[in-house]
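Text of the file my_file.csv, holding CSV, C-alpha atoms and all ligand atoms:
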chain,number,residue,atom,x,y,z
W,19,MET,CA,-32.5,-4.9,-41.8
W,20,THR,CA,-30.4,-6.3,-44.6
W,21,THR,CA,-27.6,-8.6,-43.5
W,22,ASP,CA,-25.1,-8.2,-46.4
W,23,PRO,CA,-21.9,-9.6,-44.8
W,24,ALA,CA,-19.7,-7.5,-47.0
W,25,LYS,CA,-21.2,-4.3,-45.6
W,26,ALA,CA,-21.2,-5.5,-42.0
W,27,PRO,CA,-17.8,-4.1,-41.0
W,28,ALA,CA,-18.6,-0.6,-42.4
W,29,ARG,CA,-21.9,-0.6,-40.6
W,30,ALA,CA,-20.3,-1.6,-37.4
W,31,ALA,CA,-17.7,1.1,-37.7
W,32,ARG,CA,-20.4,3.7,-38.4
W,33,GLY,CA,-22.3,2.4,-35.4
W,34,GLU,CA,-19.2,2.8,-33.2
W,35,LYS,CA,-18.7,6.3,-34.5
W,36,ILE,CA,-22.2,7.3,-33.7
W,37,LYS,CA,-22.0,5.7,-30.2
W,38,ARG,CA,-18.7,7.6,-29.6
W,39,MET,CA,-20.3,10.9,-30.7
W,40,PHE,CA,-23.2,10.3,-28.3
W,41,LYS,CA,-20.9,9.4,-25.5
W,42,SER,CA,-18.7,12.5,-25.9
W,43,ALA,CA,-21.8,14.7,-26.0
W,44,ALA,CA,-23.1,13.0,-22.8
W,45,ASP,CA,-19.7,13.3,-21.2
W,46,ALA,CA,-19.5,17.0,-22.1
W,47,LEU,CA,-22.9,17.6,-20.6
W,48,SER,CA,-22.1,15.7,-17.4
W,49,ALA,CA,-18.7,17.5,-17.2
W,50,ALA,CA,-20.6,20.8,-17.3
W,51,LEU,CA,-22.8,19.7,-14.4
W,52,TYR,CA,-20.1,17.9,-12.4
W,53,PRO,CA,-16.5,19.0,-12.5
W,54,GLU,CA,-15.3,15.4,-12.5
W,55,GLU,CA,-16.7,12.0,-12.4
W,56,ILE,CA,-15.5,10.8,-9.0
W,57,THR,CA,-16.5,7.7,-7.3
W,58,CYS,CA,-15.7,6.2,-3.9
W,59,ASP,CA,-12.7,3.8,-4.1
W,60,VAL,CA,-14.3,1.4,-1.8
W,61,CYS,CA,-18.0,1.1,-2.7
W,62,LEU,CA,-18.0,2.9,-6.1
W,63,ALA,CA,-20.8,5.3,-5.0
W,64,GLU,CA,-20.6,8.6,-6.8
W,65,LEU,CA,-19.0,11.4,-4.8
W,66,ASN,CA,-20.8,14.7,-4.9
W,67,GLU,CA,-17.7,16.8,-4.3
W,68,PRO,CA,-14.0,16.2,-4.7
W,69,SER,CA,-12.4,14.6,-1.7
W,70,ARG,CA,-8.7,14.1,-0.9
W,71,PHE,CA,-9.3,10.5,0.1
W,72,ARG,CA,-11.8,9.6,-2.7
W,73,VAL,CA,-13.8,7.7,-0.1
W,74,CYS,CA,-17.5,8.5,0.6
W,75,ALA,CA,-18.5,9.6,4.1
W,76,LYS,CA,-20.1,6.2,4.9
W,77,CYS,CA,-17.0,4.2,4.0
W,78,LEU,CA,-14.7,6.8,5.7
W,79,ASP,CA,-16.7,6.1,8.9
W,80,ALA,CA,-16.3,2.4,8.5
W,81,LEU,CA,-12.6,2.3,7.9
W,82,PRO,CA,-10.6,0.6,10.7
W,83,PHE,CA,-8.3,3.4,11.7
W,84,VAL,CA,-5.6,2.8,14.3
W,85,GLY,CA,-6.6,5.1,17.3
W,86,ASP,CA,-4.3,6.9,19.7
W,87,ASP,CA,-3.4,3.9,21.8
W,88,PHE,CA,-0.9,2.0,19.9
W,89,CYS,CA,2.3,0.0,20.4
W,90,LEU,CA,5.3,2.4,20.5
W,91,SER,CA,7.3,0.0,18.3
W,92,CYS,CA,5.0,-1.5,15.6
W,93,GLY,CA,2.1,0.9,15.9
W,94,SER,CA,-0.6,-1.8,16.3
W,95,PRO,CA,-3.6,-0.8,18.4
W,96,LEU,CA,-3.4,-1.7,22.0
W,97,VAL,CA,-6.2,-2.9,24.3
W,98,ALA,CA,-4.3,-3.0,27.6
W,99,GLU,CA,-2.5,0.0,29.0
W,100,GLU,CA,0.9,-1.0,27.9
W,101,GLU,CA,3.6,0.6,25.8
W,102,TYR,CA,4.4,-2.4,23.7
W,103,CYS,CA,2.3,-5.1,22.2
W,104,LEU,CA,3.0,-8.8,22.6
W,105,ARG,CA,4.6,-9.0,19.2
W,106,CYS,CA,7.1,-6.4,20.2
W,107,GLN,CA,7.7,-7.4,23.8
W,108,ASN,CA,9.2,-10.6,22.3
W,109,ALA,CA,11.0,-9.2,19.3
W,110,GLU,CA,13.8,-6.9,18.6
W,111,PHE,CA,13.4,-5.1,15.3
W,112,ALA,CA,16.1,-3.4,13.3
W,113,PHE,CA,13.8,-0.6,12.3
W,114,LYS,CA,13.1,2.3,14.7
W,115,LEU,CA,9.3,2.1,14.5
W,116,CYS,CA,6.4,1.3,12.3
W,117,ARG,CA,3.2,3.2,11.9
W,118,SER,CA,0.0,2.5,9.8
W,119,PRO,CA,-3.2,4.4,9.3
W,120,PHE,CA,-5.3,1.2,9.4
W,121,GLU,CA,-5.7,-2.2,11.0
W,122,TYR,CA,-5.8,-4.9,8.3
W,123,ASP,CA,-9.5,-5.5,8.7
W,124,GLY,CA,-12.9,-4.9,7.0
W,125,LEU,CA,-12.9,-2.4,4.1
W,126,VAL,CA,-9.1,-2.0,4.2
W,127,VAL,CA,-8.8,-5.7,3.4
W,128,LYS,CA,-11.0,-5.1,0.3
W,129,MET,CA,-9.1,-2.0,-0.7
W,130,ILE,CA,-5.7,-3.7,-0.6
W,131,HIS,CA,-7.1,-6.8,-2.3
W,132,ASP,CA,-8.5,-4.6,-5.1
W,133,LEU,CA,-5.2,-2.9,-5.4
W,134,LYS,CA,-3.1,-6.1,-5.5
W,135,PHE,CA,-5.3,-8.5,-7.3
W,136,GLY,CA,-7.9,-6.4,-9.0
W,137,GLY,CA,-5.4,-4.2,-10.8
W,138,LYS,CA,-7.0,-1.1,-9.3
W,139,LYS,CA,-3.8,0.8,-9.1
W,140,TYR,CA,-5.5,4.1,-8.3
W,141,ILE,CA,-6.3,2.8,-4.8
W,142,ALA,CA,-2.6,3.4,-4.0
W,143,GLU,CA,-3.4,7.1,-4.2
W,144,THR,CA,-6.1,6.9,-1.6
W,145,LEU,CA,-4.1,4.7,0.7
W,146,GLY,CA,-1.1,6.9,0.1
W,147,ALA,CA,-3.1,10.0,1.3
W,148,PHE,CA,-3.9,8.3,4.5
W,149,MET,CA,-0.3,7.1,4.9
W,150,ALA,CA,1.2,10.5,4.4
W,151,ASP,CA,-1.3,11.9,7.0
W,152,THR,CA,-0.1,9.2,9.4
W,153,PHE,CA,3.5,10.1,8.8
W,154,LEU,CA,2.8,13.7,9.7
W,155,LYS,CA,0.3,13.0,12.6
W,156,ARG,CA,2.7,10.6,14.2
W,157,GLU,CA,5.6,13.0,13.7
W,158,MET,CA,7.8,10.6,11.8
W,159,PHE,CA,11.0,11.7,10.1
W,160,ALA,CA,12.7,10.7,6.9
W,161,GLU,CA,15.0,12.0,4.2
W,162,ILE,CA,14.5,9.3,1.6
W,163,VAL,CA,11.5,7.0,0.8
W,164,CYS,CA,12.2,3.4,-0.2
W,165,PHE,CA,9.9,0.5,-0.6
W,166,VAL,CA,9.9,-3.3,-0.1
W,167,PRO,CA,10.9,-4.7,-3.5
W,168,MET,CA,9.7,-7.8,-5.4
W,169,THR,CA,11.8,-10.1,-7.4
W,170,ARG,CA,11.6,-9.6,-11.2
W,171,GLU,CA,9.6,-12.8,-11.4
W,172,GLU,CA,7.1,-11.7,-8.7
W,173,GLU,CA,6.7,-8.3,-10.3
W,174,THR,CA,6.2,-9.7,-13.8
W,175,LYS,CA,3.5,-12.0,-12.4
W,176,ARG,CA,1.5,-9.1,-10.9
W,177,GLY,CA,2.5,-6.4,-13.4
W,178,PHE,CA,3.5,-3.9,-10.7
W,179,ASN,CA,4.7,-3.6,-7.2
W,180,GLN,CA,2.0,-2.2,-4.9
W,181,SER,CA,4.6,-1.1,-2.3
W,182,GLU,CA,6.3,0.9,-5.0
W,183,LEU,CA,3.0,2.6,-6.0
W,184,LEU,CA,2.3,3.5,-2.4
W,185,ALA,CA,5.9,4.8,-1.8
W,186,CYS,CA,5.6,6.9,-5.0
W,187,ASP,CA,2.4,8.5,-3.8
W,188,VAL,CA,3.6,9.0,-0.2
W,189,ALA,CA,7.0,10.5,-1.4
W,190,GLY,CA,5.1,12.9,-3.7
W,191,ARG,CA,2.8,14.1,-0.9
W,192,LEU,CA,5.6,14.5,1.6
W,193,ASN,CA,7.9,16.1,-1.0
W,194,LEU,CA,10.6,13.6,-0.3
W,195,PRO,CA,12.8,11.8,-2.9
W,196,MET,CA,12.0,8.2,-3.6
W,197,LEU,CA,14.7,5.7,-4.3
W,198,PRO,CA,14.3,2.1,-5.4
W,199,ALA,CA,17.2,1.3,-3.1
W,200,LEU,CA,16.5,-2.3,-2.4
W,201,VAL,CA,16.4,-5.3,-4.7
W,202,LYS,CA,15.0,-8.7,-3.9
W,203,ASN,CA,17.0,-11.7,-4.9
W,204,LYS,CA,14.8,-14.6,-3.6
W,205,ASN,CA,11.2,-15.5,-4.3
W,206,THR,CA,9.3,-15.8,-1.0
W,207,SER,CA,5.8,-16.0,-2.3
W,208,GLU,CA,5.0,-19.0,-0.1
W,209,GLN,CA,5.7,-16.8,2.9
W,210,LYS,CA,2.0,-16.6,3.9
W,211,ALA,CA,1.8,-20.2,5.1
W,212,LEU,CA,4.8,-19.8,7.4
W,213,ASN,CA,4.8,-18.9,11.1
W,214,ALA,CA,6.8,-15.9,12.4
W,215,ARG,CA,10.1,-17.7,13.0
W,216,ASP,CA,10.0,-19.5,9.6
W,217,ARG,CA,9.1,-16.3,7.9
W,218,ALA,CA,12.1,-14.6,9.2
W,219,ALA,CA,14.4,-17.5,8.3
W,220,ASN,CA,12.9,-17.7,4.8
W,221,LEU,CA,13.6,-14.0,4.2
W,222,GLU,CA,17.2,-14.1,5.4
W,223,GLY,CA,19.5,-12.7,2.7
W,224,ALA,CA,16.5,-12.1,0.4
W,225,PHE,CA,17.3,-8.4,-0.1
W,226,GLY,CA,20.3,-6.6,-1.4
W,227,ASN,CA,21.1,-2.9,-1.6
W,228,VAL,CA,21.9,-1.1,-4.8
W,229,PHE,CA,22.0,2.5,-3.9
W,230,LYS,CA,24.8,4.0,-1.8
W,231,GLU,CA,22.7,7.2,-1.4
W,232,VAL,CA,21.1,5.7,1.7
W,233,LYS,CA,24.4,6.2,3.6
W,234,ARG,CA,23.9,8.3,6.8
W,235,ARG,CA,20.3,9.0,5.8
W,236,SER,CA,17.0,8.5,7.6
W,237,ILE,CA,15.0,6.1,5.5
W,238,LEU,CA,11.2,5.6,5.3
W,239,LEU,CA,10.5,2.1,4.2
W,240,VAL,CA,7.0,1.7,2.7
W,241,ASP,CA,5.1,-1.6,2.4
W,242,ASP,CA,1.4,-2.5,2.1
W,243,ILE,CA,0.8,-4.7,5.2
W,244,PHE,CA,2.8,-5.3,8.4
W,245,THR,CA,2.2,-8.8,9.5
W,246,THR,CA,5.0,-10.3,11.6
W,247,GLY,CA,7.4,-7.6,10.8
W,248,ALA,CA,9.8,-10.1,9.3
W,249,THR,CA,9.9,-8.4,5.8
W,250,SER,CA,10.3,-4.9,7.2
W,251,ASN,CA,13.0,-6.1,9.6
W,252,GLU,CA,15.0,-7.8,6.9
W,253,CYS,CA,14.8,-4.7,4.6
W,254,ALA,CA,15.8,-2.5,7.5
W,255,LYS,CA,18.7,-4.7,8.3
W,256,THR,CA,19.9,-4.5,4.7
W,257,LEU,CA,19.6,-0.7,4.6
W,258,LEU,CA,21.4,-0.3,8.0
W,259,LYS,CA,24.1,-2.6,6.7
W,260,ALA,CA,24.5,-0.3,3.7
W,261,GLY,CA,25.1,2.6,6.1
W,262,ALA,CA,21.6,4.1,6.6
W,263,ARG,CA,21.3,6.1,9.8
W,264,GLU,CA,17.9,4.7,10.8
W,265,VAL,CA,14.9,3.1,9.2
W,266,SER,CA,11.2,3.9,10.0
W,267,VAL,CA,8.4,1.9,8.4
W,268,LEU,CA,5.1,3.1,7.1
W,269,THR,CA,2.5,0.5,5.9
W,270,ALA,CA,-1.1,1.0,4.8
W,271,ALA,CA,-2.3,-1.5,7.3
W,272,ILE,CA,-1.1,-3.7,10.2
W,273,THR,CA,-2.6,-7.1,11.0
W,274,LYS,CA,-4.4,-7.7,14.2
W,275,GLN,CA,-2.4,-9.2,17.0
W,276,LYS,CA,-2.6,-12.9,17.3
W,277,ILE,CA,-2.4,-14.6,20.6
W,278,GLN,CA,1.2,-15.6,20.9
W,279,PHE,CA,0.8,-19.3,21.4
W,280,GLU,CA,-1.2,-19.6,18.2
W,281,GLN,CA,2.2,-19.7,16.5
W,282,ASN,CA,2.8,-23.2,17.9
W,283,ASP,CA,-0.3,-24.6,16.3
J,1,ZN,ZN,-18.0,4.4,-0.2
J,2,ZN,ZN,4.1,-3.8,18.7
Can you give me the file's structure in the form of structure tokens?
Amino acid sequence: MTTDPAKAPARAARGEKIKRMFKSAADALSAALYPEEITCDVCLAELNEPSRFRVCAKCLDALPFVGDDFCLSCGSPLVAEEEYCLRCQNAEFAFKLCRSPFEYDGLVVKMIHDLKFGGKKYIAETLGAFMADTFLKREMFAEIVCFVPMTREEETKRGFNQSELLACDVAGRLNLPMLPALVKNKNTSEQKALNARDRAANLEGAFGNVFKEVKRRSILLVDDIFTTGATSNECAKTLLKAGAREVSVLTAAITKQKIQFEQND
């Protein structure tokens, strides 16, 4: 093959064109055989038929669903026969209740990680489908969907707010209006390293309300993970202060209960 550098760009362009033609022919053929190229959001295995959750049967089986025994307040799975978990026996939340389809464990950790840090925004649709199902199954009620906001700086860093993506999807599925009613005024990205009490203190005054439409409305607050409840609580307080009638929380996952005294470590 000659390697005339002057002709190289034209050759490369022609090569690209041929490749594209082959690809579109191959795509057309595969589209004729399979209606859509669908893969499992978790393991990327090809799905043989369209599924609402875009998760293969194997992964669906392995997902850490919250069962029917859960804390009446935060919705975390309970082991003992009690109505409230340790977290809620010792806390008073401003929101009415929280429910989540999953425990923050196993494959769900991967899904949320892929969504937040891997830029796989489409995972919000799959999580949103499970969340909307939980909303209906647990007989939750809301008139407006809101989400936990990020500061402008935090959102610029990530490129999107995963809670907003989840809220959009959930609102669409439940046919409810979504309002970006809250704003965040304070960066709290170091939140992870703090214990429950410091988390709450760090968040104080972090959120503001910009929409008066929340007045006298039942709000569904959407977030990705419920950890100590400090974030949901602070957002709920802000919404209630702005006149919301009540706030329920829906998150994709809730963290496992930690033994209480671990907080003192
Ligand atoms: Zn899978
Ligand atoms: Zn609880």
### Query
In terms of the shortest atom-to-atom distance over only C-alpha atoms and all ligand atoms, which of W:Phe159, W:Phe165, W:Phe113, W:Tyr102 is closest to ligand ZN 2 (chain J)?
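Distance minimum relative to ligand ZN 2 (chain J) lands on W:Tyr102.
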Counting only C-alpha atoms, which residues of range 158-189 of chain W sit at most 8 Å from some atom of range 119-140 of chain W, and what is each one's closest atom pair with its distance in Å to one decimal, listed by chain and rising residue number, as CSV?
residue,atom,partner,partner_atom,distance
W:Arg176,CA,W:Lys134,CA,7.7
W:Gln180,CA,W:Lys134,CA,6.4
W:Leu183,CA,W:Lys139,CA,7.7
### Task
Have a look at W:Thr256, W:Asn193, W:Thr269, W:Asn179 and name the one nearest to Phe225 in chain W; count all atoms listed in the file.
W:Thr256
Mind running chain W against ligand ZN 1 (chain J) at 7 Å and telling me each contacting residue's nearest atom pair with the distance in Å (one decimal), counting all atoms listed in the file, chain and number ascending, as a tab-separated table?
residue	atom	partner	partner_atom	distance
W:Cys58	CA	J:ZN1	ZN	4.7
W:Asp59	CA	J:ZN1	ZN	6.6
W:Val60	CA	J:ZN1	ZN	5.0
W:Cys61	CA	J:ZN1	ZN	4.1
W:Leu62	CA	J:ZN1	ZN	6.1
W:Ala63	CA	J:ZN1	ZN	5.6
W:Val73	CA	J:ZN1	ZN	5.3
W:Cys74	CA	J:ZN1	ZN	4.2
W:Ala75	CA	J:ZN1	ZN	6.8
W:Lys76	CA	J:ZN1	ZN	5.8
W:Cys77	CA	J:ZN1	ZN	4.3
### Task
Compare W:Val84, W:Ile56, W:Leu90, W:Ala28 by their minimum atom-to-atom distance to ligand ZN 2 (chain J), counting all atoms listed in the file, and give me the closest one.
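That would be W:Leu90, the residue with the smallest distance to ligand ZN 2 (chain J).
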Between chain W and ligand ZN 2 (chain J), at 6 Å or less, what are the per-residue closest atom pairs and their distances in Å? Count all atoms listed in the file, order by chain and rising residue number, and return it as a tab-separated table.
residue	atom	partner	partner_atom	distance
W:Cys89	CA	J:ZN2	ZN	4.5
W:Ser91	CA	J:ZN2	ZN	5.0
W:Cys92	CA	J:ZN2	ZN	4.0
W:Gly93	CA	J:ZN2	ZN	5.8
W:Ser94	CA	J:ZN2	ZN	5.6
W:Tyr102	CA	J:ZN2	ZN	5.2
W:Cys103	CA	J:ZN2	ZN	4.1
W:Arg105	CA	J:ZN2	ZN	5.2
W:Cys106	CA	J:ZN2	ZN	4.2
### Task
Excluding Leu258 in chain W and residues on its chain fewer than 4 positions from it, collect all residues at most 9 Å away from it, counting all atoms listed in the file, and give them as a list of chain:residue names.
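Close residues of Leu258 in chain W: W:Ala112, W:Phe113, W:Val232, W:Lys233, W:Cys253, W:Ala254, W:Ala262, W:Arg263, W:Glu264, W:Val265.
CA of Ile141 in chain W lies 17.9 Å from CA of Leu192 in chain W.
We find CA of Phe148 in chain W and CA of Glu101 in chain W to be spaced 23.9 Å apart.
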#### Entry: Residue contacts of Gly190 in chain W (10 Å, only C-alpha atoms) excluding same-chain residues fewer than 4 positions away, as a PyMOL selection string
chain W and resi 146+150+163+184-186+194-196
Which residues of range 126-196 of chain W have any atom within 12 Å of an atom in range 201-222 of chain W when counting all atoms listed in the file, and what is the closest pair of atoms for each, with the distance in Å to one decimal? Order the rows by chain and rising number and write it as CSV.
residue,atom,partner,partner_atom,distance
W:Cys164,CA,W:Val201,CA,10.7
W:Phe165,CA,W:Val201,CA,9.6
W:Val166,CA,W:Val201,CA,8.2
W:Pro167,CA,W:Val201,CA,5.7
W:Met168,CA,W:Lys202,CA,5.6
W:Thr169,CA,W:Lys202,CA,4.9
W:Arg170,CA,W:Lys202,CA,8.1
W:Glu171,CA,W:Asn205,CA,7.8
W:Glu172,CA,W:Asn205,CA,7.1
W:Glu173,CA,W:Asn205,CA,10.4
W:Lys175,CA,W:Ser207,CA,11.1
W:Arg176,CA,W:Ser207,CA,11.8
W:Asn179,CA,W:Lys202,CA,12.0
W:Glu182,CA,W:Val201,CA,11.9
For those residues, write C-alpha atoms to a file as a PDB file, in the coordinates of the input.
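Once written, part_38.pdb looks like this:
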ATOM      1  CA  CYS W 164      12.200   3.400  -0.200  1.00  0.00           C
ATOM      2  CA  PHE W 165       9.900   0.500  -0.600  1.00  0.00           C
ATOM      3  CA  VAL W 166       9.900  -3.300  -0.100  1.00  0.00           C
ATOM      4  CA  PRO W 167      10.900  -4.700  -3.500  1.00  0.00           C
ATOM      5  CA  MET W 168       9.700  -7.800  -5.400  1.00  0.00           C
ATOM      6  CA  THR W 169      11.800 -10.100  -7.400  1.00  0.00           C
ATOM      7  CA  ARG W 170      11.600  -9.600 -11.200  1.00  0.00           C
ATOM      8  CA  GLU W 171       9.600 -12.800 -11.400  1.00  0.00           C
ATOM      9  CA  GLU W 172       7.100 -11.700  -8.700  1.00  0.00           C
ATOM     10  CA  GLU W 173       6.700  -8.300 -10.300  1.00  0.00           C
ATOM     11  CA  LYS W 175       3.500 -12.000 -12.400  1.00  0.00           C
ATOM     12  CA  ARG W 176       1.500  -9.100 -10.900  1.00  0.00           C
ATOM     13  CA  ASN W 179       4.700  -3.600  -7.200  1.00  0.00           C
ATOM     14  CA  GLU W 182       6.300   0.900  -5.000  1.00  0.00           C
TER      15      GLU W 182
END
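One finds CA of Ala224 in chain W at 27.1 Å from CA of Phe153 in chain W.
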### Query
Which is closest to Ser118 in chain W among W:Glu252, W:Asp241, W:Ala26, W:Ser69, if we use only C-alpha atoms?
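When distances to Ser118 in chain W are compared using only C-alpha atoms, the smallest one comes from W:Asp241.
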